[in-house]
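K.L.:
Pasting a structure here, questions to come.
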Amino acid sequence: MKGTLIFAVALAVACALPTENQEKNDPEGSGYRNHKLLSMTPTTKQQLEALEQVESGIEGSDFWIDPLLNHQAVFRISPDKFNDVMGILKNAGGHPNVLHEDVQEMMDTPEPQTQSRAATTQYIVNNAQYHSYATIQNYLNTFKSTYPSLVPDVGVTPHKTHDNRDVSYITLSTNGIGSTKQAIFMECGIHAREWISPAVCLYFIDRLLANYNSESTATELLNQFDWVIVPAANPDGYEYTRSSTSNRLWRKNRRRFTTGNCNGYYGVDLNRNFDAMWGTTGVSSSCTADTYPGTGAFSEPESMNIRDKVNEIKDRLSAFISIHSYSQMILTPYGFDGTKPSNTGHITSVSNAARDKLYNVHNKYFTVGTPGELLYHASGGSYDWSIVGAGVSFAVTYELRPAGSDWATGFRLPANQILPSGEEMWESLAHIALNH
Ligand code: 0X9
Ligand code: ZN
């Protein structure tokens with residue numbers, strides 16, 4: 001998980017100054033060499049506040065598990081900040097542990113590519129590995145050519161990314177291009193490093209198409225709904241994380257800042273860039289931070305693309321589903337503060353049942369609750385915007401495998417878990433679609 005605290009600093013405040021030896025290309029500099037992975041379980045309010053201070057005040061701190069009283073927080077700290085951070089935490093009476101001395105070394109150990117179970121031959125996607133963005137786009141085209149009567153449209157959204165990529169979407173419908181059926185929108189891969197998200201979305205599309213008219217759930221899911229799916233909403237970020245182990249933990253898009261103190265730095269957190277209480281909670285005003293929300297709501301092509309595609313179908317859109325990783329949760333709205341939509345009881349009970357369906361497949365337990373209850377408040381998220389901006393009545397955010405405590409795996413979920421993740425998400429998403 002990643003978050004920062006409510007950070008009520010005016011966003012106009014300038015970004016942090018680059019230090020001499022900091023590569024401007026990437027605030028992480030030369031990757032994560034000698035970055036320490038620390039853990040600490042705050043047992044007092046003072047210790048919790050010290051962790052919160054590190055999260056919001058220490059530039060480049062990266063919380064993999066956020067601070068919560070009596071729960072283990074896990075976070076990455078650059079070597080130059082290590083002593084300061086230890087001082088802050090120890091002064092508060094905390095007992096931080098070094099889990100790993102060199103995060104780059106963790107990233108450089110090959111991601112386990114254990115062979116997964118063979119998927120049924122009828123499927124198109126190879127679920128034994130994570131794929132490049134180009135391959136993901138090719139898969140969308142193959143879906144269309146293989147199932148022309150179920151895939152009226154594979155296209156690109158209107159705004160090119162900063163690295164000049166198209167963001168592709170796929171529409172699944174039994175009614176062709178002019179369909180007026182109720183629709184469900186699914187957005188995957190908005191955070192670059194969360195590779196399991198696009199992989200699970202591809203599995204879902206594949207299974208839906210392969211089983212239409214031969215298996216009852218798939219048939220119902222397509223008879224009752226059109227599906228509009230963006231399987232990789234942040235292709236620049238995704239490809240950046242694929243380009244080197246030194247970039248494997250990149251989260252944001254790849255906007256390049258060209259003025260002021262931000263000059264030469266990169267990246268806006270797309271899940272803070274939507275017009276839903278934009279810039280109020282869970283953001284950092286520093287452009288080098290992982291939760292920098294941009295200069296204004298919808299300043300980024302990738303979030304504009306989701307906005308525009310949703311707006312096209314909003315009159316018949318009954319659910320919006322955002323897929324992230326990790327920590328095994330189904331997050332109900334709202335994320336931006338402690339308020340809840342009027343149908344919160346319904347959203348929660350459907351999500352609880354969807355959690356049970358998921359659990360029954362491979363015994364993975366997902367927790368259900370709002371971000372404020374389970375993590376932190378965070379503004380500018382896509383699922384909140386789908387409700388307050390597009391009038392969708394049912395929206396949730398999934399955080400996929402692994403469990404929050406599994407920091408050693410984290411975003412680097414072995415590829416042999418793509419298939420089981422897809423299988424459990426199939427049941428969970430089917431429940432949401434058919435009962436929301
Ligand atoms: O912080 C986020 O954007 C999501 N967690 S993640 O670790 N995948 O980055 C949670 C998003 C919940 N939604 C909102 N707070 N709007
Ligand atoms: Zn995410």
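Simple scheme: letters A, B, ... for chains in structure tokens order, numbers from 1 for residues in each chain, numbers from 1 for ligands in the order shown.
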So which bits of range 67-283 of chain A end up alpha helix (DSSP H) when you DSSP the backbone, as number ranges by chain?
P.N.:
A: 79-91, 103-108, 133-146, 196-211, 216-224, 235-243
K.L.:
Please give me, as a compact mmCIF listing (two decimals) with C-alpha atoms, in the first residue's frame, the residues lying within 7 Å of ligand 1 when counting only C-alpha atoms and all ligand atoms.
P.N.:
# COMPACT_ATOMS: atom_id res chain seq x y z
CA MET A 1 0.00 0.00 0.00
CA LYS A 2 1.01 3.51 -0.44
CA GLY A 3 -0.29 6.63 1.04
CA HIS A 191 -0.35 2.64 -10.72
CA ASN A 271 -5.12 8.17 -8.47
CA ARG A 272 -4.86 11.60 -6.86
CA HIS A 324 -4.87 -1.98 -7.65
CA SER A 325 -2.44 -3.95 -5.53
CA TYR A 326 -1.49 -4.83 -2.90
CA LEU A 331 -12.29 -0.55 -0.59
CA TYR A 334 -15.46 7.43 -0.21
CA GLY A 335 -11.70 7.51 -0.10
CA PHE A 336 -11.31 11.27 0.22
CA PRO A 371 -9.78 3.70 2.85
CA HIS A 377 -7.90 9.17 3.43
CA ALA A 378 -6.87 10.04 -0.09
CA SER A 379 -8.47 12.54 -2.42
CA GLY A 380 -8.62 12.65 -6.21
CA GLY A 381 -9.23 8.91 -6.67
CA SER A 382 -10.93 7.52 -9.74
CA TYR A 383 -13.63 5.54 -7.98
CA ASP A 384 -14.68 8.51 -5.85
CA THR A 397 -11.48 -0.32 -5.48
CA GLU A 399 -6.31 -4.15 -3.73
K.L.:
Pick the closest to Gly279 in chain A from A:Val310, A:Ile205, A:Pro333, A:Pro293: which is it, counting only C-alpha atoms?
P.N.:
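Distance minimum relative to Gly279 in chain A lands on A:Pro293.
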K.L.:
For the structure I just gave you, how does DSSP split range 186-352 of chain A - specifically, which residues are strand (DSSP E or B)? Reply as a list in words.
P.N.:
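Output for range 186-352 of chain A, strand (DSSP E or B) only: Met186, Glu187, Cys188, Asp226, Trp227, Val228, Ile229, Val230, Arg256, Tyr266, Leu317, Ser318, Ala319, Phe320, Ile321, Ser322, Ile323, His324, Ser325, Tyr326, Ser327, Met329, Ile330 and Leu331 of chain A.
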K.L.:
Quick one: everything within 6 Å of range 32-42 of chain A, counting only C-alpha atoms, minus sequence neighbours fewer than 2 positions away in the same chain. Send it as a ChimeraX atom specification.
P.N.:
/A:44,47-48,69-79,96-104
K.L.:
Measure the distance from CA of Leu172 in chain A to CA of Tyr238 in chain A in Å and round it to one decimal.
P.N.:
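Between these atoms lies a distance of 24.0 Å.
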K.L.:
Record the distance separating CA of Asn305 in chain A and CA of Asn234 in chain A, expressed in Å with one decimal.
P.N.:
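Straight-line distance from CA of Asn305 in chain A to CA of Asn234 in chain A works out to 10.2 Å.
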K.L.:
Between CA of Thr142 in chain A and CA of Ser179 in chain A, what is the distance in Å, rounded to a tenth?
P.N.:
21.6 Å
K.L.:
Between A:Thr344, A:Thr161, A:Leu51, A:Ile432, which residue has the minimum interatomic distance to Gly369 in chain A, considering only C-alpha atoms?
P.N.:
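Among the listed residues, A:Thr344 lies closest to Gly369 in chain A.
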K.L.:
Skip Trp385 in chain A itself and residues of its chain fewer than 4 positions away, then list as a list in words all residues within 8 Å of it, counting only C-alpha atoms.
P.N.:
Phe274, Asp275, Ala276, Gly380, Gly381, Gly389 and Ala390 of chain A
K.L.:
Let me see the file: selected residues, N, CA, C and O atoms, as a short mmCIF file (atom, residue, chain, number, x, y, z; two decimals), in the first residue's frame.
P.N.:
data_model
loop_
_atom_site.label_atom_id
_atom_site.label_comp_id
_atom_site.auth_asym_id
_atom_site.auth_seq_id
_atom_site.Cartn_x
_atom_site.Cartn_y
_atom_site.Cartn_z
N PHE A 274 -7.94 12.90 -10.02
CA PHE A 274 -9.33 13.03 -10.45
C PHE A 274 -10.03 14.14 -9.65
O PHE A 274 -9.57 14.53 -8.57
N ASP A 275 -11.14 14.58 -10.21
CA ASP A 275 -11.84 15.71 -9.61
C ASP A 275 -12.80 15.23 -8.51
O ASP A 275 -14.01 15.24 -8.67
N ALA A 276 -12.22 14.78 -7.42
CA ALA A 276 -13.00 14.33 -6.28
C ALA A 276 -12.27 14.85 -5.03
O ALA A 276 -11.34 14.21 -4.57
N GLY A 380 -8.96 12.69 -4.79
CA GLY A 380 -8.62 12.65 -6.21
C GLY A 380 -8.59 11.26 -6.81
O GLY A 380 -8.00 11.05 -7.86
N GLY A 381 -9.23 10.29 -6.16
CA GLY A 381 -9.23 8.91 -6.67
C GLY A 381 -10.29 8.70 -7.73
O GLY A 381 -11.32 9.37 -7.76
N GLY A 389 -18.50 12.68 -9.66
CA GLY A 389 -18.35 13.40 -10.92
C GLY A 389 -19.18 12.84 -12.06
O GLY A 389 -19.63 13.58 -12.92
N ALA A 390 -19.38 11.52 -12.07
CA ALA A 390 -20.09 10.92 -13.20
C ALA A 390 -21.43 10.33 -12.78
O ALA A 390 -22.16 9.80 -13.62
#
K.L.:
List as a PyMOL selection string the protein and nucleic acid residues near Ile177 in chain A, meaning an atom at most 8 Å away when only C-alpha atoms are counted, but skip any in the same chain fewer than 4 places from it.
P.N.:
chain A and resi 152-153+173
K.L.:
Could you take the residues named above and write them with all heavy atoms, as a short mmCIF file (atom, residue, chain, number, x, y, z; two decimals), in the first residue's frame?
P.N.:
data_model
loop_
_atom_site.label_atom_id
_atom_site.label_comp_id
_atom_site.auth_asym_id
_atom_site.auth_seq_id
_atom_site.Cartn_x
_atom_site.Cartn_y
_atom_site.Cartn_z
N PRO A 152 -17.31 -5.37 -30.01
CA PRO A 152 -17.60 -4.38 -31.05
C PRO A 152 -16.51 -3.34 -31.20
O PRO A 152 -16.40 -2.72 -32.25
CB PRO A 152 -18.90 -3.73 -30.57
CG PRO A 152 -18.97 -4.03 -29.11
CD PRO A 152 -18.26 -5.32 -28.90
N ASP A 153 -15.69 -3.17 -30.17
CA ASP A 153 -14.79 -2.02 -30.22
C ASP A 153 -13.53 -2.25 -29.40
O ASP A 153 -13.59 -2.50 -28.19
CB ASP A 153 -15.55 -0.80 -29.65
CG ASP A 153 -14.85 0.51 -29.93
OD1 ASP A 153 -13.97 0.54 -30.79
OD2 ASP A 153 -15.21 1.51 -29.27
N SER A 173 -19.66 -6.50 -25.73
CA SER A 173 -21.12 -6.35 -25.78
C SER A 173 -21.71 -7.37 -26.73
O SER A 173 -21.11 -7.68 -27.77
CB SER A 173 -21.47 -4.93 -26.26
OG SER A 173 -22.88 -4.80 -26.39
#
K.L.:
Between A:Thr409, A:Ser216, A:Asn175, A:Ser168, single out the one closest to Cys188 in chain A, counting only C-alpha atoms.
P.N.:
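When distances to Cys188 in chain A are compared using only C-alpha atoms, the smallest one comes from A:Ser168.
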K.L.:
So which residues touch Phe366 in chain A within 6 Å, counting only C-alpha atoms, skipping near sequence neighbours fewer than 2 positions away, as a list of chain:residue names?
P.N.:
A:Gln328, A:Met329, A:Arg355
